[in-house]
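The file final-v8.cif contains mmCIF, C-alpha atoms:
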```
data_upload
loop_
_atom_site.label_atom_id
_atom_site.label_comp_id
_atom_site.auth_asym_id
_atom_site.auth_seq_id
_atom_site.Cartn_x
_atom_site.Cartn_y
_atom_site.Cartn_z
CA MET A 1 139.73 -39.18 97.08
CA ALA A 2 136.30 -40.50 96.13
CA THR A 3 133.68 -41.31 98.69
CA ARG A 4 133.10 -44.89 99.76
CA THR A 5 131.41 -46.84 96.95
CA LEU A 6 130.45 -50.08 98.72
CA PRO A 7 127.43 -49.65 101.01
CA LEU A 8 127.39 -51.36 104.38
CA SER A 9 124.58 -53.68 103.27
CA LYS A 10 126.79 -55.16 100.51
CA ARG A 11 129.93 -55.56 102.59
CA GLY A 12 128.61 -58.55 104.50
CA PHE A 13 128.72 -58.95 108.25
CA ASN A 14 131.78 -61.04 109.05
CA PHE A 15 133.88 -60.98 112.20
CA GLU A 16 136.02 -58.03 111.07
CA THR A 17 132.98 -55.93 110.18
CA PHE A 18 131.40 -56.77 113.52
CA MET A 19 134.57 -55.81 115.42
CA TRP A 20 134.92 -52.61 113.39
CA ALA A 21 131.36 -51.63 114.34
CA PHE A 22 131.89 -52.76 117.94
CA THR A 23 135.05 -50.66 118.27
CA ARG A 24 133.30 -47.59 116.84
CA PHE A 25 130.19 -47.93 119.00
CA THR A 26 132.15 -48.52 122.20
CA VAL A 27 134.19 -45.39 121.55
CA ILE A 28 131.00 -43.39 120.91
CA ALA A 29 129.69 -44.73 124.22
CA MET A 30 132.87 -43.54 125.94
CA TYR A 31 132.61 -40.06 124.42
CA GLY A 32 128.98 -39.92 125.57
CA LEU A 33 129.90 -40.95 129.12
CA ILE A 34 132.71 -38.39 129.21
CA ILE A 35 130.36 -35.60 128.09
CA VAL A 36 127.74 -36.61 130.68
CA GLY A 37 130.51 -36.82 133.30
CA ILE A 38 131.82 -33.35 132.48
CA LEU A 39 128.31 -31.85 132.54
CA GLY A 40 127.63 -33.57 135.87
CA THR A 41 130.91 -32.27 137.22
CA LEU A 42 130.04 -28.74 136.16
CA GLY A 43 126.70 -29.06 137.94
CA LEU A 44 128.31 -30.36 141.12
CA SER A 45 130.94 -27.64 141.03
CA LEU A 46 128.16 -25.07 140.91
CA GLN A 47 126.28 -26.67 143.78
CA THR A 48 129.16 -27.47 146.12
CA GLY A 49 131.73 -24.84 145.16
CA ALA A 50 134.32 -27.62 144.96
CA ASN A 51 137.15 -27.37 142.47
CA PHE A 52 136.08 -28.60 139.03
CA GLY A 53 139.39 -30.39 138.45
CA ASP A 54 139.21 -32.23 141.76
CA ILE A 55 135.70 -33.53 141.14
CA LEU A 56 136.58 -34.50 137.57
CA TYR A 57 139.65 -36.36 138.80
CA TRP A 58 137.82 -38.28 141.47
CA ALA A 59 134.92 -39.00 139.14
CA PHE A 60 137.22 -41.29 137.15
CA PHE A 61 139.02 -42.67 140.21
CA PRO A 62 136.21 -43.89 142.45
CA ASN A 63 138.48 -44.99 145.29
CA ALA A 64 136.23 -44.34 148.26
CA ALA A 65 139.08 -44.64 150.75
CA GLU A 66 140.92 -41.70 149.25
CA ASN A 67 138.06 -39.81 147.72
CA PRO A 68 137.36 -36.55 149.53
CA LEU A 69 134.17 -36.11 147.53
CA GLY A 70 133.10 -39.73 147.82
CA GLN A 71 129.77 -39.04 149.43
CA ILE A 72 128.73 -36.97 146.46
CA TRP A 73 129.87 -39.37 143.75
CA MET A 74 129.37 -42.78 145.30
CA THR A 75 125.79 -42.99 144.24
CA ILE A 76 124.42 -45.89 142.26
CA LEU A 77 124.31 -43.73 139.14
CA ALA A 78 127.98 -42.75 139.46
CA LYS A 79 129.00 -46.36 140.01
CA LEU A 80 127.00 -47.54 137.01
CA MET A 81 128.54 -44.80 134.84
CA VAL A 82 132.08 -45.71 135.86
CA ILE A 83 131.38 -49.42 135.32
CA ALA A 84 129.90 -48.65 131.89
CA PHE A 85 132.99 -46.59 131.04
CA VAL A 86 135.39 -49.32 132.17
CA LEU A 87 133.51 -51.99 130.19
CA SER A 88 133.40 -49.78 127.08
CA ALA A 89 137.10 -49.01 127.41
CA CYS A 90 137.93 -52.68 127.92
CA GLY A 91 135.88 -53.82 124.92
CA HIS A 92 137.36 -51.07 122.76
CA GLY A 93 140.88 -51.77 123.96
CA VAL A 94 140.77 -55.53 123.40
CA HIS A 95 140.27 -55.12 119.68
CA GLY A 96 142.83 -52.32 119.43
CA VAL A 97 145.53 -54.28 121.27
CA LEU A 98 144.74 -57.37 119.19
CA GLU A 99 145.25 -55.40 115.98
CA ILE A 100 148.64 -54.17 117.19
CA LEU A 101 149.71 -57.63 118.39
CA ASP A 102 148.62 -59.21 115.09
CA ASP A 103 150.97 -56.85 113.28
CA TYR A 104 153.98 -57.90 115.35
CA PHE A 105 153.29 -61.57 116.09
CA THR A 106 153.51 -63.21 112.71
CA SER A 107 153.19 -66.93 113.49
CA ALA A 108 149.76 -68.53 113.85
CA LEU A 109 150.66 -69.99 117.25
CA ALA A 110 151.85 -66.65 118.65
CA ARG A 111 148.71 -64.95 117.37
CA ARG A 112 146.47 -67.56 118.94
CA TRP A 113 148.19 -67.22 122.34
CA SER A 114 148.29 -63.44 122.19
CA ARG A 115 144.50 -63.53 121.59
CA ASN A 116 143.96 -65.97 124.45
CA PHE A 117 146.06 -63.79 126.74
CA ILE A 118 144.48 -60.45 125.92
CA ILE A 119 140.88 -61.74 126.04
CA THR A 120 141.53 -63.49 129.37
CA TYR A 121 143.17 -60.33 130.68
CA ALA A 122 140.21 -58.19 129.59
CA VAL A 123 137.64 -60.49 131.21
CA ILE A 124 139.56 -60.73 134.52
CA ALA A 125 140.33 -56.98 134.63
CA SER A 126 136.68 -56.11 133.89
CA LEU A 127 135.40 -58.44 136.62
CA ILE A 128 137.86 -57.04 139.18
CA ALA A 129 137.00 -53.45 138.22
CA MET A 130 133.25 -54.07 138.42
CA TYR A 131 133.56 -55.78 141.79
CA VAL A 132 135.74 -53.08 143.33
CA ILE A 133 133.74 -50.17 141.94
CA TRP A 134 130.42 -51.67 143.04
CA THR A 135 131.48 -52.75 146.53
CA LYS A 136 133.49 -49.68 147.58
CA MET B 1 145.70 -61.25 106.34
CA GLY B 2 149.17 -62.60 105.59
CA LEU B 3 151.25 -64.03 108.38
CA LYS B 4 154.54 -62.61 107.10
CA ARG B 5 155.62 -59.02 107.52
CA ASN B 6 157.63 -57.97 104.48
CA VAL B 7 158.67 -54.54 105.76
CA SER B 8 161.56 -54.21 108.20
CA LEU B 9 161.25 -51.97 111.26
CA SER B 10 163.90 -49.57 109.92
CA ALA B 11 162.05 -49.31 106.60
CA ALA B 12 158.79 -48.66 108.44
CA LEU B 13 160.37 -45.91 110.54
CA GLY B 14 161.81 -44.32 107.41
CA TYR B 15 158.48 -44.39 105.55
CA LYS B 16 157.44 -40.88 104.55
CA GLY B 17 153.70 -41.26 104.92
CA GLN B 18 153.33 -37.68 106.08
CA ALA B 19 150.43 -36.60 108.32
CA PRO B 20 148.14 -39.66 107.94
CA TYR B 21 150.97 -42.06 108.77
CA LEU B 22 152.08 -39.93 111.72
CA THR B 23 148.56 -39.94 113.17
CA TYR B 24 148.35 -43.70 112.58
CA ILE B 25 151.57 -44.35 114.51
CA LEU B 26 150.73 -41.88 117.29
CA HIS B 27 147.27 -43.45 117.61
CA ARG B 28 148.88 -46.83 118.22
CA ILE B 29 151.35 -45.43 120.72
CA GLY B 30 148.47 -43.67 122.49
CA GLY B 31 146.45 -46.88 122.55
CA SER B 32 149.37 -48.75 124.05
CA ALA B 33 149.78 -45.99 126.64
CA LEU B 34 146.10 -46.32 127.52
CA PHE B 35 146.49 -50.09 127.89
CA ILE B 36 149.31 -49.52 130.41
CA PHE B 37 147.25 -46.82 132.13
CA PHE B 38 144.23 -49.17 132.32
CA THR B 39 146.35 -51.88 133.94
CA ILE B 40 147.68 -49.47 136.56
CA TYR B 41 144.13 -48.15 137.07
CA ILE B 42 142.86 -51.67 137.82
CA LEU B 43 145.74 -52.21 140.26
CA SER B 44 144.85 -48.89 141.87
CA LEU B 45 141.22 -49.98 142.24
CA VAL B 46 142.34 -53.19 143.90
CA GLY B 47 144.27 -51.09 146.41
CA VAL B 48 147.87 -51.44 145.32
CA GLN B 49 149.50 -48.38 146.87
CA ALA B 50 152.32 -48.31 144.33
CA ALA B 51 149.74 -47.97 141.55
CA ASN B 52 148.17 -44.98 143.30
CA GLY B 53 151.64 -43.46 143.56
CA ILE B 54 152.33 -43.97 139.87
CA LEU B 55 149.03 -42.41 138.81
CA ALA B 56 149.60 -39.40 141.04
CA ASN B 57 153.19 -38.92 139.84
CA TRP B 58 153.51 -35.84 137.65
CA VAL B 59 156.31 -37.37 135.56
CA PHE B 60 154.03 -40.30 134.67
CA GLN B 61 151.25 -37.85 133.79
CA ILE B 62 153.57 -35.70 131.65
CA ILE B 63 154.74 -38.74 129.67
CA PHE B 64 151.43 -40.58 129.27
CA LEU B 65 148.79 -37.85 129.06
CA PRO B 66 149.91 -36.30 125.72
CA PHE B 67 149.75 -39.72 124.03
CA MET B 68 146.41 -40.62 125.63
CA LEU B 69 144.89 -37.27 124.65
CA PHE B 70 146.10 -37.72 121.09
CA HIS B 71 144.45 -41.16 120.98
CA ALA B 72 141.15 -39.67 122.16
CA ILE B 73 141.18 -36.73 119.74
CA ASN B 74 142.43 -38.75 116.78
CA GLY B 75 139.84 -41.43 117.56
CA LEU B 76 137.13 -38.80 117.41
CA ARG B 77 138.32 -37.76 113.93
CA ILE B 78 138.44 -41.38 112.76
CA THR B 79 134.95 -42.05 114.10
CA ILE B 80 133.48 -38.93 112.48
CA LEU B 81 135.07 -39.74 109.11
CA ASP B 82 134.04 -43.40 109.34
CA LEU B 83 130.44 -42.57 110.08
CA SER B 84 130.27 -39.72 107.53
CA PRO B 85 131.87 -41.11 104.34
CA LYS B 86 131.23 -37.85 102.43
CA LEU B 87 133.76 -36.14 104.67
CA ILE B 88 136.58 -38.56 103.79
CA GLU B 89 137.72 -36.40 100.86
CA HIS B 90 138.46 -33.65 103.41
CA PHE B 91 140.58 -35.92 105.62
CA ARG B 92 143.69 -33.73 105.39
CA THR B 93 141.72 -30.70 106.58
CA ALA B 94 140.30 -32.89 109.36
CA ILE B 95 143.84 -33.84 110.41
CA ASN B 96 144.87 -30.16 110.49
CA ILE B 97 141.85 -29.29 112.64
CA GLU B 98 142.71 -32.24 114.86
CA TRP B 99 146.26 -30.96 115.40
CA VAL B 100 145.02 -27.51 116.37
CA ALA B 101 142.53 -28.99 118.85
CA TYR B 102 145.16 -31.35 120.20
CA ILE B 103 147.76 -28.64 120.76
CA VAL B 104 145.25 -26.47 122.63
CA VAL B 105 144.08 -29.36 124.84
CA VAL B 106 147.53 -30.80 125.51
CA LEU B 107 149.03 -27.42 126.39
CA PHE B 108 146.21 -26.83 128.87
CA ALA B 109 146.66 -30.33 130.33
CA LEU B 110 150.44 -29.87 130.68
CA PHE B 111 149.90 -26.47 132.30
CA VAL B 112 147.52 -27.98 134.88
CA ILE B 113 149.88 -30.89 135.62
CA LEU B 114 152.91 -28.66 136.06
CA ARG B 115 150.98 -26.12 138.14
CA ASN B 116 149.76 -28.88 140.46
CA ALA B 117 153.22 -30.49 140.58
CA PHE B 118 155.00 -27.31 141.60
CA GLY B 119 152.19 -25.89 143.73
CA GLY B 120 151.62 -22.77 141.68
#
```
Just dump the structure as structure tokens.
Amino acid sequence: MATRTLPLSKRGFNFETFMWAFTRFTVIAMYGLIIVGILGTLGLSLQTGANFGDILYWAFFPNAAENPLGQIWMTILAKLMVIAFVLSACGHGVHGVLEILDDYFTSALARRWSRNFIITYAVIASLIAMYVIWTK
Amino acid sequence: MGLKRNVSLSAALGYKGQAPYLTYILHRIGGSALFIFFTIYILSLVGVQAANGILANWVFQIIFLPFMLFHAINGLRITILDLSPKLIEHFRTAINIEWVAYIVVVLFALFVILRNAFGG
């Protein structure tokens, strides 16, 4: 297979190109946050002697009521990282789910309503997640 | 994009697209699994006890985690190939490497889940 022949500058910047780039950059952001999270977990495991798996688990489930290591992780930085991860995941997921739905909903009306539903869902879920993560 | 799908589901399932098609389908299944996981995660954050129970259930983890891990690892391959067009000609090698990495990671994940589930 030959390499790509059309450079990005000549492809134009329409909605699909924007969403392609958005999906790629949000996933890179997620990989970055995961790597930082794992490195932070390793550091905390060294300092506290706590089980690496436990800290890693609770790092992605910041439920203060059930979090035995909450005092360590419930810092502003941890909250911001989890919020950034949730927003990246939500933005990435919206486009992915839309692509799948577009393949199975073939009428224009169904596509329009599936888009309305999934975007509304993403906005509401993100707001709930941000509120709960920040206030707990 | 056309609004009519000209391929039936049975024809799609019988399509012999080999490794690239398999990764494409598994990536979609993994994405759908992550969507379900994300919904339960939000419910868990809100404080729905049933959602906490589902997330902690080892059967749920055994079913969902392999698909979610595949989505993450396959997504990494797609991103690398997308951002490095010169590597696209080696995409079959990339898929083989991906499978090796996936099998190692998923076996470790399943081992941890089962060990925690049965208190080993």
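Between CA of Met30 (chain A) and CA of Val59 (chain B) lies a distance of 26.1 Å.
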Skipping near chain neighbours, those fewer than 4 positions away, what residues fall within 12 Å of region 121-123 of chain A using only C-alpha atoms, listed as a PDB file with C-alpha atoms, in the coordinates of the input?
```pdb
ATOM      1  CA  VAL A  86     135.390 -49.320 132.170  1.00  0.00           C
ATOM      2  CA  LEU A  87     133.510 -51.990 130.190  1.00  0.00           C
ATOM      3  CA  SER A  88     133.400 -49.780 127.080  1.00  0.00           C
ATOM      4  CA  ALA A  89     137.100 -49.010 127.410  1.00  0.00           C
ATOM      5  CA  CYS A  90     137.930 -52.680 127.920  1.00  0.00           C
ATOM      6  CA  GLY A  91     135.880 -53.820 124.920  1.00  0.00           C
ATOM      7  CA  HIS A  92     137.360 -51.070 122.760  1.00  0.00           C
ATOM      8  CA  GLY A  93     140.880 -51.770 123.960  1.00  0.00           C
ATOM      9  CA  VAL A  94     140.770 -55.530 123.400  1.00  0.00           C
ATOM     10  CA  HIS A  95     140.270 -55.120 119.680  1.00  0.00           C
ATOM     11  CA  VAL A  97     145.530 -54.280 121.270  1.00  0.00           C
ATOM     12  CA  LEU A  98     144.740 -57.370 119.190  1.00  0.00           C
ATOM     13  CA  TRP A 113     148.190 -67.220 122.340  1.00  0.00           C
ATOM     14  CA  SER A 114     148.290 -63.440 122.190  1.00  0.00           C
ATOM     15  CA  ARG A 115     144.500 -63.530 121.590  1.00  0.00           C
ATOM     16  CA  ASN A 116     143.960 -65.970 124.450  1.00  0.00           C
ATOM     17  CA  PHE A 117     146.060 -63.790 126.740  1.00  0.00           C
ATOM     18  CA  LEU A 127     135.400 -58.440 136.620  1.00  0.00           C
ATOM     19  CA  ILE A 128     137.860 -57.040 139.180  1.00  0.00           C
ATOM     20  CA  ALA A 129     137.000 -53.450 138.220  1.00  0.00           C
ATOM     21  CA  MET A 130     133.250 -54.070 138.420  1.00  0.00           C
TER      22      MET A 130
ATOM     23  CA  PHE B  35     146.490 -50.090 127.890  1.00  0.00           C
ATOM     24  CA  PHE B  38     144.230 -49.170 132.320  1.00  0.00           C
ATOM     25  CA  THR B  39     146.350 -51.880 133.940  1.00  0.00           C
ATOM     26  CA  ILE B  42     142.860 -51.670 137.820  1.00  0.00           C
TER      27      ILE B  42
END
```
- Query: Expanded to explicit residues, what is the PyMOL selection byres ((chain B) within 8 of (chain A)) for this file, as number ranges by chain?
  - Reply: B: 3-5, 28, 31-32, 35, 39, 42, 45-46, 75, 79, 85-89
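The coordinates place CA of Ala72 (chain B) at 18.0 Å from CA of Thr93 (chain B).
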- Rounded to one decimal in Å, what is the spacing between CA of Arg92 (chain B) and CA of Ile73 (chain B)? 14.9 Å
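Contact shell of Asn51 (chain A) at 10 Å (only C-alpha atoms; same-chain neighbours under 5 positions omitted): Thr41, Leu42, Leu44, Ser45, Leu46 and Leu56 of chain A.
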- Query: Can you list, as an MDAnalysis selection string, the residues that the PyMOL selection byres ((chain B and resi 20) around 12) selects here?
  - Reply: chainID B and resid 15:19 21:27 74 77:78 91:96 98:99
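If all atoms listed in the file are the atoms counted, then among B:Val112, B:Ala33, B:Leu83, B:Ile54 the closest residue to Phe70 (chain B) is B:Ala33.
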